[in-house]
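Student: I'd like to ask you about the structure that follows.
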There are 2 protein chains.
Amino acid sequence: MSDAPHGLILVNTGNGKGKSTAAFGVAFRALGQGLTVSIIQFIKGKWKTGELETARRLGLEMIPMGKGFTWESKNIEEDKALMTQAWAVASEKILSARYDLIILDEINYVLGYGYVPVDEVIGTLQSRPSHVHVMLTGRNAPEGIVSIADCVTEMREIKHPYRKGIPAQRGIDF
Amino acid sequence: MSDAPHGLILVNTGNGKGKSTAAFGVAFRALGQGLTVSIIQFIKGKWKTGELETARRLGLEMIPMGKGFTWESKNIEEDKALMTQAWAVASEKILSARYDLIILDEINYVLGYGYVPVDEVIGTLQSRPSHVHVMLTGRNAPEGIVSIADCVTEMREIKHPYRKGIPAQRGIDF
């Protein structure tokens with residue numbers, strides 16, 4: 001088999017913990033291998049102090065595009081405009097050949113809402129330079145994305161501390 | 001609710017990718033929050049260049065205890081002795097109160113083989129200082145561990161690139 005990089009489409013989905021956390025783990029691994037990495041955030045406030053601080057120390061590029069877009073937002077037109085802009089930034093990077101790994105954090109959620117057309121994302125992924133890895137995270141990955149992906153993992157919640165009333169823990173949850 | 005840390009037992013199990021990777025993600029998040037972290041390796045060669053290099057840069061404590069213990073090992077007595085030693089190191093750290101987070105990487109596999117008694121691990125976990133988080137990774141988490149855990153996530157393989165004959169990719173898989 002060839003040693004040339006074979007760019008992968010990787011998807012972390014499901015209702016459990018670890019989707020974005022594992023994506024950060026891959027980003028840190030890739031950095032350790034000298035790869036160029038960008039993480040683009042599609043949902044406001046998903047990134048926490050802990051990973052932001054470690055990313056800063058390592059010089060990991062993190063682009064928060066989710067600004068006003070939250071789980072509770074009511075302004076559909078504004079959200080759609082924000083997400084269109086986020087996708088424009090992401091797709092430029094994916095096609096640019098400047099990166100080895102691009103993580104689209106929580107994009108599945110945005111796709112599920114139809115704010116960015118799934119077909120457009122698929123088209124961009126399929127046109128990317130062959131060495132570029134792209135990882136998409138978030139619940140309910142669209143079927144079209146799953147079908148073109150090389151690697152799909154479902155993080156399934158078996159038990160969650162919030163259900164026992166335990167508050168989020170510093171360094172673990174944020 | 002109290003702001004004092006509530007030490008969690010966290011389990012990443014299942015046949016999919018991301019169990020150890022998400023554990024590393026949590027370690028990097030915890031480091032960013034100034035927590036003291038140790039990762040103890042129960043299986044030889046599981047850690048790859050990428051995360052080792054990033055961990056080195058960040059000064060993350062990683063203790064490879066799996067030396068001769070591999071998936072293919074045939075020497076049961078030697079394996080058992082190695083794993084007993086690994087657990088002795090791990091349990092001392094868990095009980096010591098010197099750490100905020102201790103990751104027992106691939107310990108589930110060892111417990112499944114009966115090389116370390118599950119009851120002993122449960123006893124140690126239940127006797128630990130109350131602020132200490134412990135994360136256990138590996139397939140087939142024993143029921144006893146799941147039952148005392150606060151958070152259990154199953155990483156389920158939906159699609160895997162190896163099945164398509166794509167070799168492991170630098171920066172993604174290692």
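Labeling convention for the structure tokens: chains A, B, ... as they appear, residues from 1 per chain, ligands from 1 in order of appearance.
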Can you build me a table of chain A residues sitting at most 8 Å from chain B, with the closest atom pair per residue and its distance in Å to one decimal, using only C-alpha atoms, sorted by chain and residue number, as CSV?
Tutor:
```
residue,atom,partner,partner_atom,distance
A:Met1,CA,B:Pro167,CA,7.2
A:Pro5,CA,B:Gln169,CA,6.5
A:His6,CA,B:Gln169,CA,7.0
A:Gly16,CA,B:Thr153,CA,6.0
A:Lys17,CA,B:Thr153,CA,6.4
A:Gly18,CA,B:Ala22,CA,5.6
A:Lys19,CA,B:Ala22,CA,7.7
A:Thr21,CA,B:Gly25,CA,5.0
A:Ala22,CA,B:Ala22,CA,3.8
A:Ala23,CA,B:Ala22,CA,7.5
A:Phe24,CA,B:Gly25,CA,5.6
A:Gly25,CA,B:Gly25,CA,4.2
A:Val26,CA,B:Ile172,CA,6.0
A:Phe28,CA,B:Thr54,CA,6.3
A:Arg29,CA,B:Gly50,CA,4.1
A:Ala30,CA,B:Gly171,CA,3.8
A:Leu31,CA,B:Gly50,CA,6.9
A:Gly32,CA,B:Gly50,CA,4.1
A:Gln33,CA,B:Gly50,CA,4.8
A:Gly34,CA,B:Gly171,CA,7.9
A:Leu35,CA,B:Gly171,CA,6.7
A:Thr49,CA,B:Gln33,CA,6.9
A:Gly50,CA,B:Arg29,CA,4.1
A:Glu51,CA,B:Arg29,CA,4.4
A:Leu52,CA,B:Gly32,CA,7.3
A:Glu53,CA,B:Gly32,CA,4.9
A:Thr54,CA,B:Gly32,CA,4.8
A:Ala149,CA,B:Lys159,CA,7.9
A:Asp150,CA,B:Pro161,CA,5.1
A:Cys151,CA,B:His160,CA,4.5
A:Val152,CA,B:Lys159,CA,4.8
A:Thr153,CA,B:Glu157,CA,5.0
A:Glu154,CA,B:Arg156,CA,5.0
A:Met155,CA,B:Met155,CA,4.6
A:Arg156,CA,B:Glu154,CA,5.0
A:Glu157,CA,B:Thr153,CA,5.0
A:Ile158,CA,B:Val152,CA,5.2
A:Lys159,CA,B:Val152,CA,4.8
A:His160,CA,B:Cys151,CA,4.5
A:Pro161,CA,B:Asp150,CA,5.0
A:Lys164,CA,B:Asp150,CA,8.0
A:Ile166,CA,B:His6,CA,7.6
A:Pro167,CA,B:Met1,CA,7.2
A:Gln169,CA,B:Pro5,CA,6.5
A:Arg170,CA,B:Gln33,CA,7.1
A:Gly171,CA,B:Ala30,CA,3.8
A:Ile172,CA,B:Val26,CA,5.9
A:Phe174,CA,B:Arg29,CA,7.1
```
Student: DSSP on the backbone, then: every residue of stretch 3-151 of chain A marked strand (DSSP E or B), written as a list in words.
Tutor: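 In stretch 3-151 of chain A, DSSP puts these residues in strand (DSSP E or B): Ile9, Leu10, Val11, Asn12, Thr13, Val37, Ser38, Ile39, Ile40, Gln41, Glu61, Met62, Ile63, Pro64, Leu101, Ile102, Ile103, Leu104, Asp105, His133, Val134, Met135, Leu136, Thr137 and Cys151 of chain A.
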Student: What does chain A look like once superposed on chain B, all Cα atoms paired in sequence order, least squares? Give it as a compact mmCIF listing (two decimals) with C-alpha atoms, in the first residue's frame.
Tutor:
```txt
# COMPACT_ATOMS: atom_id res chain seq x y z
CA MET A 1 -24.86 22.70 44.22
CA SER A 2 -21.37 22.75 45.71
CA ASP A 3 -18.40 24.04 43.72
CA ALA A 4 -16.04 21.54 45.33
CA PRO A 5 -14.78 18.99 42.79
CA HIS A 6 -16.83 15.83 42.67
CA GLY A 7 -14.52 13.10 41.48
CA LEU A 8 -16.08 11.10 38.66
CA ILE A 9 -15.61 7.55 37.43
CA LEU A 10 -15.70 7.77 33.64
CA VAL A 11 -15.70 4.81 31.26
CA ASN A 12 -15.06 4.79 27.49
CA THR A 13 -15.90 1.40 26.07
CA GLY A 14 -17.26 -0.20 22.88
CA ASN A 15 -15.74 -1.54 19.66
CA GLY A 16 -15.34 1.83 17.92
CA LYS A 17 -12.57 4.39 17.65
CA GLY A 18 -12.12 7.29 20.02
CA LYS A 19 -11.99 5.61 23.44
CA SER A 20 -8.34 6.44 24.18
CA THR A 21 -8.41 9.48 21.90
CA ALA A 22 -11.25 11.04 23.88
CA ALA A 23 -9.37 10.18 27.10
CA PHE A 24 -6.37 12.10 25.76
CA GLY A 25 -8.73 14.93 24.83
CA VAL A 26 -9.95 15.05 28.45
CA ALA A 27 -6.34 14.94 29.68
CA PHE A 28 -5.45 17.94 27.49
CA ARG A 29 -8.56 19.80 28.69
CA ALA A 30 -7.70 19.03 32.32
CA LEU A 31 -4.12 20.24 31.81
CA GLY A 32 -5.51 23.47 30.36
CA GLN A 33 -7.41 23.89 33.63
CA GLY A 34 -4.25 23.36 35.65
CA LEU A 35 -5.22 19.92 36.94
CA THR A 36 -2.63 17.25 37.69
CA VAL A 37 -3.00 14.30 35.36
CA SER A 38 -1.44 10.88 34.99
CA ILE A 39 -2.09 8.38 32.21
CA ILE A 40 -1.16 4.77 32.84
CA GLN A 41 -0.88 2.45 29.88
CA PHE A 42 -1.97 -1.16 30.34
CA ILE A 43 -1.34 -2.37 26.80
CA LYS A 44 1.98 -2.22 25.02
CA GLY A 45 2.36 0.09 22.07
CA LYS A 46 -1.09 1.66 22.21
CA TRP A 47 0.31 5.18 22.39
CA LYS A 48 1.45 6.69 19.16
CA THR A 49 4.04 9.24 18.13
CA GLY A 50 1.49 12.02 17.77
CA GLU A 51 0.06 12.05 21.26
CA LEU A 52 3.41 11.19 22.86
CA GLU A 53 4.97 14.25 21.23
CA THR A 54 2.12 16.58 22.24
CA ALA A 55 2.13 15.13 25.76
CA ARG A 56 5.87 15.72 25.98
CA ARG A 57 5.43 19.36 24.93
CA LEU A 58 2.80 19.84 27.62
CA GLY A 59 4.60 17.90 30.32
CA LEU A 60 1.78 15.36 30.64
CA GLU A 61 2.74 12.34 32.79
CA MET A 62 2.42 9.12 30.81
CA ILE A 63 3.47 5.85 32.35
CA PRO A 64 3.86 2.86 30.01
CA MET A 65 3.25 -0.21 32.20
CA GLY A 66 2.16 -2.54 29.40
CA LYS A 67 5.72 -3.38 28.38
CA GLY A 68 5.56 -7.04 27.39
CA PHE A 69 1.78 -7.22 27.43
CA THR A 70 0.37 -7.34 23.92
CA TRP A 71 -2.73 -8.69 22.28
CA GLU A 72 -0.72 -11.68 21.06
CA SER A 73 1.17 -12.57 24.20
CA LYS A 74 1.17 -16.22 25.16
CA ASN A 75 2.94 -16.08 28.52
CA ILE A 76 0.04 -15.86 30.97
CA GLU A 77 2.12 -15.83 34.16
CA GLU A 78 4.39 -13.06 32.92
CA ASP A 79 1.41 -11.02 31.72
CA LYS A 80 -0.31 -11.42 35.05
CA ALA A 81 2.78 -10.28 36.93
CA LEU A 82 3.14 -7.24 34.65
CA MET A 83 -0.49 -6.28 35.09
CA THR A 84 -0.32 -6.74 38.86
CA GLN A 85 2.60 -4.34 38.87
CA ALA A 86 0.77 -1.89 36.60
CA TRP A 87 -2.22 -1.93 38.89
CA ALA A 88 0.00 -1.42 41.96
CA VAL A 89 1.37 1.77 40.38
CA ALA A 90 -2.13 2.90 39.33
CA SER A 91 -3.80 2.24 42.66
CA GLU A 92 -1.05 4.00 44.60
CA LYS A 93 -1.63 7.08 42.44
CA ILE A 94 -5.42 6.87 42.72
CA LEU A 95 -5.26 6.75 46.51
CA SER A 96 -2.41 9.27 46.89
CA ALA A 97 -4.45 12.48 46.46
CA ARG A 98 -1.56 13.86 44.37
CA TYR A 99 -3.63 13.73 41.17
CA ASP A 100 -6.88 15.27 39.98
CA LEU A 101 -7.33 12.91 37.02
CA ILE A 102 -5.94 9.45 36.43
CA ILE A 103 -6.53 7.67 33.15
CA LEU A 104 -6.25 3.89 33.10
CA ASP A 105 -5.78 3.32 29.39
CA GLU A 106 -7.01 -0.08 28.15
CA ILE A 107 -7.48 -1.43 31.67
CA ASN A 108 -10.86 -2.92 30.70
CA TYR A 109 -9.05 -5.42 28.53
CA VAL A 110 -6.89 -6.47 31.46
CA LEU A 111 -9.91 -6.78 33.74
CA GLY A 112 -11.68 -8.87 31.13
CA TYR A 113 -8.77 -11.34 31.24
CA GLY A 114 -8.98 -11.50 35.02
CA TYR A 115 -5.35 -10.41 35.42
CA VAL A 116 -6.43 -7.82 37.95
CA PRO A 117 -9.52 -8.61 40.06
CA VAL A 118 -12.45 -6.30 39.26
CA ASP A 119 -13.45 -6.22 42.93
CA GLU A 120 -10.03 -4.90 43.90
CA VAL A 121 -10.29 -2.10 41.33
CA ILE A 122 -13.80 -1.24 42.54
CA GLY A 123 -12.58 -1.18 46.14
CA THR A 124 -9.75 1.21 45.27
CA LEU A 125 -12.02 3.47 43.22
CA GLN A 126 -14.48 3.64 46.10
CA SER A 127 -11.73 4.46 48.63
CA ARG A 128 -10.17 7.26 46.58
CA PRO A 129 -10.04 10.89 47.73
CA SER A 130 -13.35 12.50 46.76
CA HIS A 131 -11.87 14.99 44.27
CA VAL A 132 -10.10 12.37 42.13
CA HIS A 133 -11.47 11.65 38.65
CA VAL A 134 -10.63 8.25 37.17
CA MET A 135 -11.21 7.34 33.53
CA LEU A 136 -11.08 3.71 32.39
CA THR A 137 -10.86 2.85 28.71
CA GLY A 138 -11.07 -0.30 26.61
CA ARG A 139 -13.57 -2.68 25.09
CA ASN A 140 -15.93 -4.75 27.20
CA ALA A 141 -15.93 -2.72 30.41
CA PRO A 142 -16.86 -5.17 33.19
CA GLU A 143 -20.39 -4.83 34.56
CA GLY A 144 -19.12 -4.10 38.06
CA ILE A 145 -17.19 -1.09 36.78
CA VAL A 146 -20.15 0.16 34.72
CA SER A 147 -22.42 -0.13 37.74
CA ILE A 148 -20.26 2.16 39.93
CA ALA A 149 -19.37 4.58 37.10
CA ASP A 150 -20.86 8.06 36.85
CA CYS A 151 -20.40 8.36 33.11
CA VAL A 152 -20.25 5.53 30.58
CA THR A 153 -19.95 6.09 26.84
CA GLU A 154 -19.97 3.36 24.26
CA MET A 155 -17.95 4.14 21.15
CA ARG A 156 -19.70 2.08 18.49
CA GLU A 157 -18.12 1.36 15.13
CA ILE A 158 -20.46 2.25 12.27
CA LYS A 159 -17.76 2.37 9.58
CA HIS A 160 -14.01 1.83 9.75
CA PRO A 161 -11.45 2.70 7.05
CA TYR A 162 -9.46 -0.51 7.59
CA ARG A 163 -12.43 -2.44 6.27
CA LYS A 164 -11.99 -0.60 2.97
CA GLY A 165 -8.30 -1.45 2.94
CA ILE A 166 -7.14 2.09 3.75
CA PRO A 167 -3.92 1.95 5.80
CA ALA A 168 -3.53 3.80 9.11
CA GLN A 169 -2.90 7.51 8.52
CA ARG A 170 -0.12 9.51 10.21
CA GLY A 171 -1.57 12.16 12.53
CA ILE A 172 -4.99 10.53 12.51
CA ASP A 173 -4.38 6.95 13.59
CA PHE A 174 -0.92 7.39 15.08
```
Student: Among chain B, which residues carry a DSSP assignment of helix (DSSP H, G or I), reported as a PyMOL selection string?
Tutor: chain B and resi 19-32+49-58+76-96+107-112+118-127+143-148+161-164
